[in-house]
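For reference, the structure discussed in these notes is given below.
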Amino acid sequence: MRTVRYVVPRGEIWPQGHREDHAHEVDMAVELVMDSGAALVLSWAMDGIDEGMAVEFRSPGEAGTSLPGEPIDVSDHADWEGFLGMPIASIGIAWHIPNEGCPEIPWAYNFGFSDESSLVIALGEAEGAGFTYMPDALLVIFDKILSVTYKIPASATSSCG
């Protein structure tokens with residue numbers, strides 16, 4: 001992975017009022033750009049009462065996200081330092097059933113890297129020292145203990161999957 005961008009509403013800057021200490025709050029999407037130029041875009045998505053995370057893969061040279069926000073490069077943030085240049089070795093998924101009658105939908109992705117480090121991208125927002133489930137916001141959690149302790153009622157597992 002060579003570049004990380006957070007998609008925020010037009011006219012805003014990140015972190016502008018968002019948590020940014022071992023866990024980042026992100027309004028719309030997280031773009032992980034690989035050395036090849038391909039990108040993995042994770043965003044929150046709602047379809048009626050179905051709420052979860054959408055994943056989009058963009059080929060090298062393919063146009064940016066169709067989200068109405070602006071991508072902000074956060075690659076130089078200290079929390080991303082150890083992950084840049086590191087190959088993604090595994091991806092785990094945490095599933096939930098957001099509402100009665102809905103299918104199981106991903107609410108968090110756990111990215112494992114070749115050096116055995118990991119980070120989680122999940123639905124939610126900061127609440128004090130912890131997190132709370134919010135279907136229209138994202139968290140990037142860099143701390144293993146924080147990601148293991150982040151659980152939501154609609155899921156049998158923590159955000160680590």
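Residues are named by chain letter and number: chains run A, B, ... in the order of the structure tokens, numbers start at 1 in each chain, and ligands are numbered from 1 in the order shown.
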
Determine, counting only C-alpha atoms, which protein, DNA and RNA residues have an atom within 8 Å of an atom of Ile152 of chain A; residues of the same chain fewer than 4 positions away are not included. Present the result as a short mmCIF file (atom, residue, chain, number, x, y, z; two decimals) with all heavy atoms, in the first residue's frame.
data_model
loop_
_atom_site.label_atom_id
_atom_site.label_comp_id
_atom_site.auth_asym_id
_atom_site.auth_seq_id
_atom_site.Cartn_x
_atom_site.Cartn_y
_atom_site.Cartn_z
N THR A 132 -18.96 3.79 19.20
CA THR A 132 -20.36 3.41 19.15
C THR A 132 -20.73 3.14 17.70
O THR A 132 -20.17 3.76 16.78
CB THR A 132 -21.26 4.51 19.76
OG1 THR A 132 -22.59 4.03 19.84
CG2 THR A 132 -21.24 5.78 18.95
N TYR A 133 -21.65 2.21 17.50
CA TYR A 133 -22.07 1.86 16.15
C TYR A 133 -22.83 3.03 15.52
O TYR A 133 -23.71 3.62 16.14
CB TYR A 133 -22.98 0.62 16.19
CG TYR A 133 -23.52 0.26 14.82
CD1 TYR A 133 -22.70 -0.37 13.89
CD2 TYR A 133 -24.82 0.55 14.46
CE1 TYR A 133 -23.18 -0.70 12.63
CE2 TYR A 133 -25.31 0.23 13.21
CZ TYR A 133 -24.48 -0.40 12.30
OH TYR A 133 -24.95 -0.71 11.05
N SER A 158 -16.27 -9.28 17.48
CA SER A 158 -15.75 -7.92 17.56
C SER A 158 -15.45 -7.41 16.15
O SER A 158 -15.62 -8.15 15.17
CB SER A 158 -14.47 -7.89 18.40
OG SER A 158 -13.40 -8.46 17.67
#

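The shell of residues at most 10 Å from Glu100 of chain A, with only C-alpha atoms counted and near chain neighbours (fewer than 4 positions) removed, consists of Ile49, Asp50 and Ala154 of chain A.
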
Distance table requested - segment 3-104 of chain A against segment 136-145 of chain A, cut-off 6 Å, only C-alpha atoms: one row per qualifying residue with the closest atom pair and its distance in Å to one decimal, ordered by chain and rising residue number, as a Markdown table.
| residue | atom | partner | partner_atom | distance |
| --- | --- | --- | --- | --- |
| A:His22 | CA | A:Phe142 | CA | 5.2 |
| A:Ala23 | CA | A:Ile141 | CA | 4.3 |
| A:His24 | CA | A:Val140 | CA | 5.0 |
| A:Glu25 | CA | A:Leu139 | CA | 4.8 |
| A:Val26 | CA | A:Leu138 | CA | 5.0 |
| A:Asp27 | CA | A:Ala137 | CA | 5.2 |
| A:Trp44 | CA | A:Asp136 | CA | 5.7 |

Worksheet entry | Option closest in space to Ser43 of chain A, from A:His18, A:His96, A:Arg5, A:His77 [counting only C-alpha atoms] |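 Smallest separation from Ser43 of chain A among the options: A:Arg5.
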
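The residues of segment 11-56 of chain A that DSSP assigns to strand (DSSP E) on this backbone come out as Ala23, His24, Glu25, Val26, Ala29, Val30, Glu31, Leu32, Val33, Ala39, Leu40, Val41, Leu42, Ser43, Trp44, Ala45, Met46, Asp47, Asp50, Glu51, Gly52, Met53, Ala54, Val55 and Glu56 of chain A.
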
Discussion item. Let me make sure I understand: among A:Glu104, A:Asp21, A:Glu51, A:Glu31, which one has the smallest atom-to-atom distance to Pro135 of chain A if we use only C-alpha atoms?
Written reply: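 So, comparing all the options, the nearest one is A:Glu51.
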